[in-house]
Structures are given as C-alpha cells and as structure tokens.
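Student: Dropping in data-v3.cif, with mmCIF, C-alpha atoms.
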```cif
data_protein
#
loop_
_atom_site.label_atom_id
_atom_site.label_comp_id
_atom_site.auth_asym_id
_atom_site.auth_seq_id
_atom_site.Cartn_x
_atom_site.Cartn_y
_atom_site.Cartn_z
CA MET Y 1 -5.96 -6.92 26.74
CA THR Y 2 -9.42 -5.49 27.38
CA SER Y 3 -11.52 -7.25 29.97
CA SER Y 4 -14.69 -7.00 27.87
CA THR Y 5 -12.95 -8.80 25.00
CA PHE Y 6 -11.72 -11.46 27.41
CA GLU Y 7 -15.23 -11.93 28.82
CA THR Y 8 -16.65 -12.38 25.33
CA VAL Y 9 -13.91 -14.84 24.33
CA ALA Y 10 -14.22 -16.80 27.58
CA GLY Y 11 -17.97 -17.05 27.07
CA ILE Y 12 -17.47 -18.29 23.51
CA ILE Y 13 -14.95 -20.91 24.65
CA SER Y 14 -17.19 -22.03 27.48
CA ASP Y 15 -20.23 -22.40 25.20
CA THR Y 16 -18.42 -23.87 22.21
CA ALA Y 17 -16.09 -26.32 23.95
CA ASP Y 18 -18.38 -27.01 26.92
CA ILE Y 19 -15.79 -25.89 29.47
CA PRO Y 20 -16.96 -24.42 32.81
CA ARG Y 21 -16.51 -20.65 32.64
CA GLU Y 22 -14.64 -20.54 35.98
CA GLN Y 23 -11.85 -22.73 34.53
CA ILE Y 24 -11.08 -20.15 31.86
CA THR Y 25 -8.59 -17.44 32.89
CA PRO Y 26 -6.40 -14.98 30.97
CA GLU Y 27 -3.44 -17.26 31.73
CA SER Y 28 -5.15 -20.38 30.31
CA HIS Y 29 -3.47 -22.04 27.34
CA ALA Y 30 -6.28 -23.06 25.00
CA ILE Y 31 -4.63 -26.35 24.05
CA ASP Y 32 -2.46 -27.33 27.00
CA ASP Y 33 -4.74 -26.14 29.84
CA LEU Y 34 -8.23 -26.26 28.35
CA GLY Y 35 -7.72 -29.27 26.06
CA ILE Y 36 -9.21 -27.59 23.01
CA ASP Y 37 -8.37 -29.55 19.86
CA SER Y 38 -7.85 -28.06 16.42
CA LEU Y 39 -11.41 -28.72 15.27
CA ALA Y 40 -12.89 -27.13 18.38
CA PHE Y 41 -10.53 -24.19 17.92
CA LEU Y 42 -11.97 -23.66 14.42
CA ASP Y 43 -15.44 -23.58 15.98
CA ILE Y 44 -14.20 -20.98 18.47
CA ALA Y 45 -12.52 -18.98 15.70
CA PHE Y 46 -15.80 -18.97 13.76
CA ALA Y 47 -17.67 -17.59 16.78
CA ILE Y 48 -14.91 -15.00 17.44
CA ASP Y 49 -14.87 -13.92 13.78
CA LYS Y 50 -18.62 -13.38 13.90
CA ALA Y 51 -18.70 -11.71 17.32
CA PHE Y 52 -15.96 -9.16 16.50
CA GLY Y 53 -16.39 -8.85 12.74
CA ILE Y 54 -12.79 -9.91 12.11
CA LYS Y 55 -10.93 -12.78 10.48
CA LEU Y 56 -8.45 -14.48 12.78
CA PRO Y 57 -5.46 -15.35 10.55
CA LEU Y 58 -5.32 -18.95 11.74
CA GLU Y 59 -3.49 -20.31 8.71
CA GLN Y 60 -0.73 -17.75 9.14
CA TRP Y 61 -0.48 -18.39 12.90
CA THR Y 62 -0.37 -22.16 12.41
CA GLN Y 63 2.38 -21.81 9.83
CA GLU Y 64 4.43 -19.54 12.08
CA VAL Y 65 4.12 -21.94 15.02
CA ASN Y 66 4.89 -25.00 12.88
CA GLU Y 67 7.99 -23.32 11.46
CA GLY Y 68 9.16 -22.42 14.97
CA LYS Y 69 9.06 -18.67 14.26
CA VAL Y 70 6.58 -17.92 17.02
CA PRO Y 71 5.93 -19.92 20.22
CA ALA Y 72 2.39 -21.30 20.39
CA GLU Y 73 1.82 -19.37 23.63
CA GLU Y 74 1.77 -16.13 21.64
CA TYR Y 75 -1.51 -17.17 20.07
CA PHE Y 76 -3.04 -19.76 22.35
CA VAL Y 77 -2.63 -18.26 25.84
CA LEU Y 78 -5.90 -16.39 26.16
CA LYS Y 79 -4.53 -13.00 27.25
CA ASN Y 80 -2.34 -13.02 24.12
CA LEU Y 81 -5.20 -14.18 21.92
CA VAL Y 82 -7.39 -11.41 23.33
CA SER Y 83 -4.67 -8.79 22.67
CA ARG Y 84 -4.50 -9.95 19.05
CA ILE Y 85 -8.29 -9.76 18.76
CA ASP Y 86 -8.18 -6.21 20.15
CA ALA Y 87 -5.50 -5.32 17.58
CA LEU Y 88 -7.55 -6.79 14.72
CA VAL Y 89 -10.64 -4.90 15.87
CA ALA Y 90 -8.60 -1.67 16.17
CA ALA Y 91 -7.15 -2.19 12.68
CA LYS Y 92 -10.63 -2.69 11.28
CA THR Y 93 -11.99 0.54 12.77
CA ALA Y 94 -8.83 2.62 12.12
CA MET W 1 -27.78 -38.90 -8.36
CA ARG W 2 -26.53 -42.25 -7.08
CA LEU W 3 -27.28 -42.38 -3.40
CA GLU W 4 -25.30 -45.51 -2.63
CA TYR W 5 -22.13 -43.97 -4.14
CA PHE W 6 -22.59 -40.60 -2.42
CA ASP W 7 -22.75 -39.18 -5.94
CA MET W 8 -25.22 -36.44 -5.05
CA ILE W 9 -24.87 -33.66 -7.64
CA ASP W 10 -25.96 -34.25 -11.25
CA ARG W 11 -24.97 -30.90 -12.68
CA VAL W 12 -23.96 -27.40 -11.70
CA VAL W 13 -26.35 -24.84 -13.20
CA THR W 14 -24.53 -21.67 -12.15
CA LEU W 15 -21.52 -20.56 -10.15
CA ASP W 16 -21.93 -16.86 -9.42
CA ARG W 17 -18.51 -15.63 -8.27
CA ASP W 18 -19.73 -12.15 -7.34
CA ALA W 19 -22.61 -13.40 -5.22
CA LYS W 20 -20.47 -16.36 -4.03
CA ARG W 21 -23.36 -18.66 -4.81
CA ILE W 22 -23.82 -21.99 -6.57
CA GLU W 23 -26.94 -23.62 -7.94
CA ALA W 24 -26.99 -27.30 -8.85
CA GLN W 25 -29.58 -29.89 -9.82
CA SER W 26 -30.10 -33.56 -9.14
CA THR W 27 -32.87 -36.03 -9.73
CA VAL W 28 -33.56 -38.59 -7.04
CA PRO W 29 -33.32 -42.07 -8.65
CA MET W 30 -36.47 -44.14 -8.95
CA GLN W 31 -34.65 -47.09 -7.42
CA SER W 32 -31.79 -47.43 -4.97
CA PRO W 33 -30.67 -49.97 -2.37
CA VAL W 34 -31.05 -47.11 0.12
CA PHE W 35 -34.81 -47.25 -0.36
CA GLU W 36 -34.90 -50.92 0.52
CA GLY W 37 -34.23 -49.96 4.10
CA HIS W 38 -35.47 -46.37 4.24
CA PHE W 39 -38.24 -47.45 4.33
CA PRO W 40 -39.51 -50.81 2.99
CA GLY W 41 -42.45 -49.93 0.75
CA HIS W 42 -42.14 -46.22 1.61
CA PRO W 43 -39.02 -44.88 -0.15
CA LEU W 44 -37.70 -41.62 1.30
CA VAL W 45 -34.30 -39.96 0.88
CA PRO W 46 -32.67 -39.98 4.36
CA GLY W 47 -31.99 -36.60 5.93
CA VAL W 48 -28.29 -37.41 6.20
CA LEU W 49 -28.13 -37.80 2.41
CA LEU W 50 -29.96 -34.52 1.90
CA THR W 51 -27.36 -32.98 4.22
CA GLU W 52 -24.61 -34.61 2.16
CA THR W 53 -26.19 -33.16 -0.99
CA MET W 54 -26.10 -29.65 0.49
CA ALA W 55 -22.54 -30.28 1.69
CA GLN W 56 -21.37 -31.40 -1.75
CA ALA W 57 -22.93 -28.34 -3.44
CA SER W 58 -21.24 -26.17 -0.78
CA GLY W 59 -17.96 -27.99 -1.32
CA TYR W 60 -18.03 -27.37 -5.07
CA LEU W 61 -18.85 -23.74 -4.34
CA VAL W 62 -15.72 -23.43 -2.17
CA LEU W 63 -13.63 -25.32 -4.73
CA GLY W 64 -14.91 -23.12 -7.54
CA LEU W 65 -14.34 -19.85 -5.68
CA THR W 66 -10.85 -20.79 -4.49
CA GLY W 67 -9.70 -22.26 -7.79
CA PHE W 68 -9.31 -25.79 -6.46
CA THR W 69 -6.39 -24.83 -4.21
CA HIS W 70 -7.71 -26.51 -1.07
CA MET W 71 -10.11 -29.34 -0.29
CA PRO W 72 -13.13 -28.49 1.87
CA PHE W 73 -13.97 -31.18 4.44
CA LEU W 74 -17.29 -31.01 6.28
CA MET W 75 -16.66 -30.11 9.93
CA ALA W 76 -19.93 -28.75 11.32
CA ILE W 77 -23.65 -28.81 10.64
CA ASP W 78 -25.82 -26.17 12.30
CA ARG W 79 -29.51 -25.46 12.17
CA ALA W 80 -30.36 -28.34 9.83
CA ARG W 81 -34.08 -28.58 9.12
CA PHE W 82 -35.90 -31.21 7.05
CA ARG W 83 -39.21 -29.68 6.12
CA SER W 84 -40.74 -32.18 3.74
CA PHE W 85 -40.43 -35.80 2.56
CA VAL W 86 -38.34 -36.44 -0.55
CA GLY W 87 -39.23 -39.44 -2.66
CA PRO W 88 -37.96 -41.13 -5.87
CA GLY W 89 -38.00 -39.08 -9.07
CA THR W 90 -37.95 -35.68 -7.36
CA LEU W 91 -36.02 -32.97 -9.22
CA LEU W 92 -33.92 -31.14 -6.64
CA THR W 93 -32.49 -27.64 -6.96
CA ILE W 94 -29.62 -27.23 -4.52
CA THR W 95 -28.37 -23.76 -3.65
CA ALA W 96 -25.46 -22.76 -1.44
CA HIS W 97 -23.83 -19.44 -0.75
CA LEU W 98 -20.65 -18.57 1.07
CA ALA W 99 -21.78 -17.03 4.34
CA HIS W 100 -18.40 -16.76 6.05
CA GLU W 101 -14.89 -16.91 4.68
CA GLY W 102 -12.54 -17.74 7.54
CA SER W 103 -8.86 -18.53 7.63
CA GLY W 104 -8.61 -22.28 7.14
CA TYR W 105 -12.35 -22.76 7.09
CA ALA W 106 -15.49 -21.62 5.27
CA GLY W 107 -19.16 -21.42 6.21
CA THR W 108 -22.09 -21.81 3.85
CA LYS W 109 -25.85 -21.61 4.00
CA ALA W 110 -27.54 -24.16 1.77
CA ASN W 111 -31.00 -25.38 0.88
CA ILE W 112 -32.79 -27.79 -1.42
CA VAL W 113 -35.97 -26.79 -3.24
CA ALA W 114 -38.38 -28.86 -5.32
CA GLU W 115 -41.36 -27.41 -7.19
CA GLY W 116 -40.90 -24.09 -5.38
CA LYS W 117 -40.99 -25.66 -1.95
CA THR W 118 -38.01 -25.69 0.43
CA LEU W 119 -37.34 -29.28 1.42
CA CYS W 120 -34.44 -28.65 3.76
CA ASP W 121 -31.82 -26.10 4.76
CA ALA W 122 -28.72 -25.96 6.92
CA GLU W 123 -25.67 -23.95 7.85
CA LEU W 124 -22.51 -25.88 7.11
CA ARG W 125 -18.86 -25.33 7.86
CA PHE W 126 -15.82 -26.80 6.15
CA ARG W 127 -12.22 -27.08 7.12
CA THR W 128 -10.13 -26.20 4.07
CA MET W 129 -6.92 -28.19 3.81
CA PRO W 130 -4.26 -29.02 1.22
CA PHE W 131 -5.46 -31.78 -1.09
CA PRO W 132 -4.55 -35.28 -0.02
CA GLU W 133 -2.34 -36.95 -2.63
CA GLY W 134 -4.29 -37.49 -5.86
CA MET W 135 -7.55 -35.96 -4.68
CA ASP W 136 -6.97 -32.72 -6.60
CA GLU W 137 -7.37 -34.38 -10.01
CA LEU W 138 -10.25 -36.53 -8.77
CA MET W 139 -12.21 -33.44 -7.73
CA ARG W 140 -11.40 -31.65 -10.97
CA ALA W 141 -12.68 -34.66 -12.94
CA GLN W 142 -15.89 -34.64 -10.92
CA ALA W 143 -16.25 -30.90 -11.49
CA ARG W 144 -15.80 -31.32 -15.24
CA ARG W 145 -18.40 -34.08 -15.28
CA MET W 146 -21.01 -31.88 -13.62
CA GLY W 147 -20.16 -28.75 -15.63
CA LEU W 148 -18.42 -26.73 -12.94
CA LEU W 149 -15.15 -26.78 -14.88
CA SER W 150 -14.76 -26.73 -18.64
CA GLU W 151 -13.20 -29.80 -20.22
CA ALA W 152 -9.92 -27.92 -20.63
CA ALA W 153 -9.67 -26.82 -17.00
#
```
Turn this file's structure into structure tokens for me.

Tutor:
Amino acid sequence: MTSSTFETVAGIISDTADIPREQITPESHAIDDLGIDSLAFLDIAFAIDKAFGIKLPLEQWTQEVNEGKVPAEEYFVLKNLVSRIDALVAAKTA
Amino acid sequence: MRLEYFDMIDRVVTLDRDAKRIEAQSTVPMQSPVFEGHFPGHPLVPGVLLTETMAQASGYLVLGLTGFTHMPFLMAIDRARFRSFVGPGTLLTITAHLAHEGSGYAGTKANIVAEGKTLCDAELRFRTMPFPEGMDELMRAQARRMGLLSEAA
C-alpha cells in the first residue's frame, strides 16, 4: 500500500461521505467502521476511478463476497482497497 | 411529452454507438396539470422535470449501449444548471453522452437545447442493476415506441 494512494483515497472518502479525515485509517473497514452504504461507495468508486484513471471492478468484487469466495475485508478494509488500487494503476501503466 | 406521467421522451433521433451519444426530441405540451401549479397563469416546466428528461435520455443511452441487460436507476445529479425558462409548445432536443463507464454504474453528461440555445445541462450518474421482474419488457416496449429499438427487437 502506498501512502500517497491512501491519502488520496482517504481524502475522497472524507469529502464524498462527509466523514472527518482523522477517523479514516488504513485499518478502517469502509462499511463496518465508517458506515459507508452501497450508494455512497459507488460515489467513492466514481471519484477513485476518475482520480486514478482506473475502473474498480465492483460488480466482480460484490459477486465474490456474496458467494463467500472472498471475505469482504479483502476489498473494504482501506489498506486492502488501496493495495488493489495500486495494482490496478500498475497494470494500467505496465 | 406527458409531464404528469413522467413520459418525457417523444422520440430518439440517433443513438451513436461509437460516440456513445444519444439525441432525442420532445415537445412540451400546450396544457398539463403541472402548469396549473407551476405557475398559475405563468406555465413553466419545472427544473426537476427537465432533469428527469435528461435522465431518461441518459437511461435510454445506457440501455441502448448495453443491449438492455441492466436497468439504469438515477443515483446522483451533479452540476445541474437551468439557464432559461421552458414554456408550453417548446421543441426540445435532448442530448446525452456516456462520460464514464464504471463497474455497476455509469455517468453521463446531458443537456437540453431549444432553437440553438442551451436550456439546461447536468452530469448524471446511474446505478446499473438487474431488471426488476417484468421491467425488461416494459423498457423494450417504451424503446420501440420512441424508435430506439426496431419493432422486431
């Protein structure tokens, strides 16, 4: 996880979901800790997509979580989300 | 255009798949119960209904581009501007293009023009979800009626 990516994501979450920046840490779970609902998460995804020039595969992630293949923490704990953003950005520039 | 039924698009003029753009037309009715309240003696199309008109054009754009696989539901309105009054009898040209194609959502930029003048514009976002039971055929029927789909589709 790069700290600059985390800072950008934390800023987006703070602005989009109106959550004080100091409450947002790498260990925060977007849903359980920050109370972000699915609609707000789409708003955040839109801002992340635009900021990093990527397309977060939300439909695929949702399906994997719903089918029990992947625990939700893998996508919704911020340090994990940031790592996946870094990977998507790296794949784009590779 | 039947304001009180949220029937906002009269016909689709073009769906450009390469440019991911739709152009539609509607004529504001001369009379509508909406005008009795908005405003008595001074009929004006409410901004929310102009927004709905841009949203419906955007929705048909998403439906057309995705082959009617998912239903777009309006989830966000950004930067909406209402630049001029819109009265009865106005011929509206509604344009929308796909500005962002996300996973599970889509963003459009839309505007409405009359006589070369932009009446309003907005950035809209839609959550795209599996069709609720029976809505698929309803939307296809609407699309056929306004020329987005051929009669056979």

Student: Rounded to one decimal in Å, what is the spacing between atom CA of W:Ile112 and atom CA of W:Phe68?

Tutor: 24.1 Å

Student: Ranking W:Met135, W:Val45, W:Ala96, W:Leu124 by minimum distance to W:Ile77 and counting only C-alpha atoms, which one comes first?

Tutor: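 When distances to W:Ile77 are compared using only C-alpha atoms, the smallest one comes from W:Leu124.
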
Student: Need the shell around W:Gly41: protein/DNA/RNA residues with any atom at most 12 Å away, counting all atoms listed in the file. Skip same-chain ones fewer than 5 positions apart. Format as a PyMOL selection string?

Tutor: chain W and resi 31+34-36+87-88

Student: Excluding same-chain residues fewer than 3 positions from stretch 7-15 of chain Y, what lies within 7 Å of it counting only C-alpha atoms, as a short mmCIF file (atom, residue, chain, number, x, y, z; two decimals) with C-alpha atoms, in the frame of the given file?

Tutor:
```
data_model
loop_
_atom_site.label_atom_id
_atom_site.label_comp_id
_atom_site.auth_asym_id
_atom_site.auth_seq_id
_atom_site.Cartn_x
_atom_site.Cartn_y
_atom_site.Cartn_z
CA SER Y 3 -11.52 -7.25 29.97
CA SER Y 4 -14.69 -7.00 27.87
CA ASP Y 18 -18.38 -27.01 26.92
CA ILE Y 19 -15.79 -25.89 29.47
CA PRO Y 20 -16.96 -24.42 32.81
CA ARG Y 21 -16.51 -20.65 32.64
CA ILE Y 24 -11.08 -20.15 31.86
CA ILE Y 44 -14.20 -20.98 18.47
CA ALA Y 47 -17.67 -17.59 16.78
CA ILE Y 48 -14.91 -15.00 17.44
#
```

Student: Report as a PDB file with C-alpha atoms, keeping the file's coordinate frame the full result of the PyMOL selection byres ((chain Y) within 10 of (chain W)) when it is applied to this structure.

Tutor:
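Output (out-v6.pdb):
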```
ATOM      1  CA  LEU Y  39     -11.410 -28.720  15.270  1.00  0.00           C
ATOM      2  CA  ALA Y  40     -12.890 -27.130  18.380  1.00  0.00           C
ATOM      3  CA  LEU Y  42     -11.970 -23.660  14.420  1.00  0.00           C
ATOM      4  CA  ASP Y  43     -15.440 -23.580  15.980  1.00  0.00           C
ATOM      5  CA  ALA Y  45     -12.520 -18.980  15.700  1.00  0.00           C
ATOM      6  CA  PHE Y  46     -15.800 -18.970  13.760  1.00  0.00           C
ATOM      7  CA  ASP Y  49     -14.870 -13.920  13.780  1.00  0.00           C
ATOM      8  CA  LYS Y  50     -18.620 -13.380  13.900  1.00  0.00           C
ATOM      9  CA  ILE Y  54     -12.790  -9.910  12.110  1.00  0.00           C
ATOM     10  CA  LYS Y  55     -10.930 -12.780  10.480  1.00  0.00           C
ATOM     11  CA  LEU Y  56      -8.450 -14.480  12.780  1.00  0.00           C
ATOM     12  CA  PRO Y  57      -5.460 -15.350  10.550  1.00  0.00           C
ATOM     13  CA  LEU Y  58      -5.320 -18.950  11.740  1.00  0.00           C
ATOM     14  CA  GLU Y  59      -3.490 -20.310   8.710  1.00  0.00           C
ATOM     15  CA  GLN Y  60      -0.730 -17.750   9.140  1.00  0.00           C
ATOM     16  CA  TRP Y  61      -0.480 -18.390  12.900  1.00  0.00           C
ATOM     17  CA  THR Y  62      -0.370 -22.160  12.410  1.00  0.00           C
TER      18      THR Y  62
END
```

Student: For a quick check of understanding, using all atoms listed in the file, which of W:Ala19, W:Ile9, W:Ala24, W:Ala122 has the smallest distance to W:Thr53?

Tutor: W:Ile9

Student: To test your reading of the syntax: which residues would the PyMOL selection byres ((chain W and resi 91) around 6) return for the file shown? Reply as a ChimeraX atom specification.

Tutor: /W:26-27,90,92

Student: Given the file shown, enumerate the residues that the PyMOL selection byres ((chain Y and resi 30) around 10) captures and present them as a PyMOL selection string.

Tutor: chain Y and resi 13+24-25+27-29+31-37+41+72-73+75-78+81

Student: Smallest atom-to-atom distance to W:Ile22: which of W:Pro130, W:Gly37, W:Gly64, W:Pro43, using only C-alpha atoms?

Tutor: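 For W:Ile22, the nearest of the given residues is W:Gly64.
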
Student: Would you list the contacts of W:Ala57 as a PyMOL selection string, taking every protein, DNA or RNA residue within 12 Å and counting all atoms listed in the file, but skipping same-chain residues closer than 6 positions in sequence?

Tutor: chain W and resi 7-15+21-26+50-51+63-64+72+74+92-98+108-112+124+143+146+148

Student: Find the residues near W:Phe131: any atom within 10 Å, counting only C-alpha atoms, skip ones fewer than 6 places away on the same chain, and give them as a ChimeraX atom specification.

Tutor: /W:68-72,137,139

Student: Around all the atoms of stretch 9-27 of chain Y listed in the file, draw an axis-aligned box and extend it by 8 Å on each of the six sides; I want its centre and edge lengths in Å to one decimal, as lines of an AutoDock Vina configuration file.

Tutor:
```
center_x = -11.8
center_y = -20.9
center_z = 29.1
size_x = 32.8
size_y = 28.2
size_z = 29.8
```

Student: One number please: atom CA of Y:Val82 to atom CA of Y:Met1, in Å, one decimal.

Tutor: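 Value for the atom CA of Y:Val82-atom CA of Y:Met1 distance: 5.8 Å.
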
Student: In Å, with one decimal, what is the gap from atom CA of W:Val113 to atom CA of W:Arg81?

Tutor: 12.6 Å
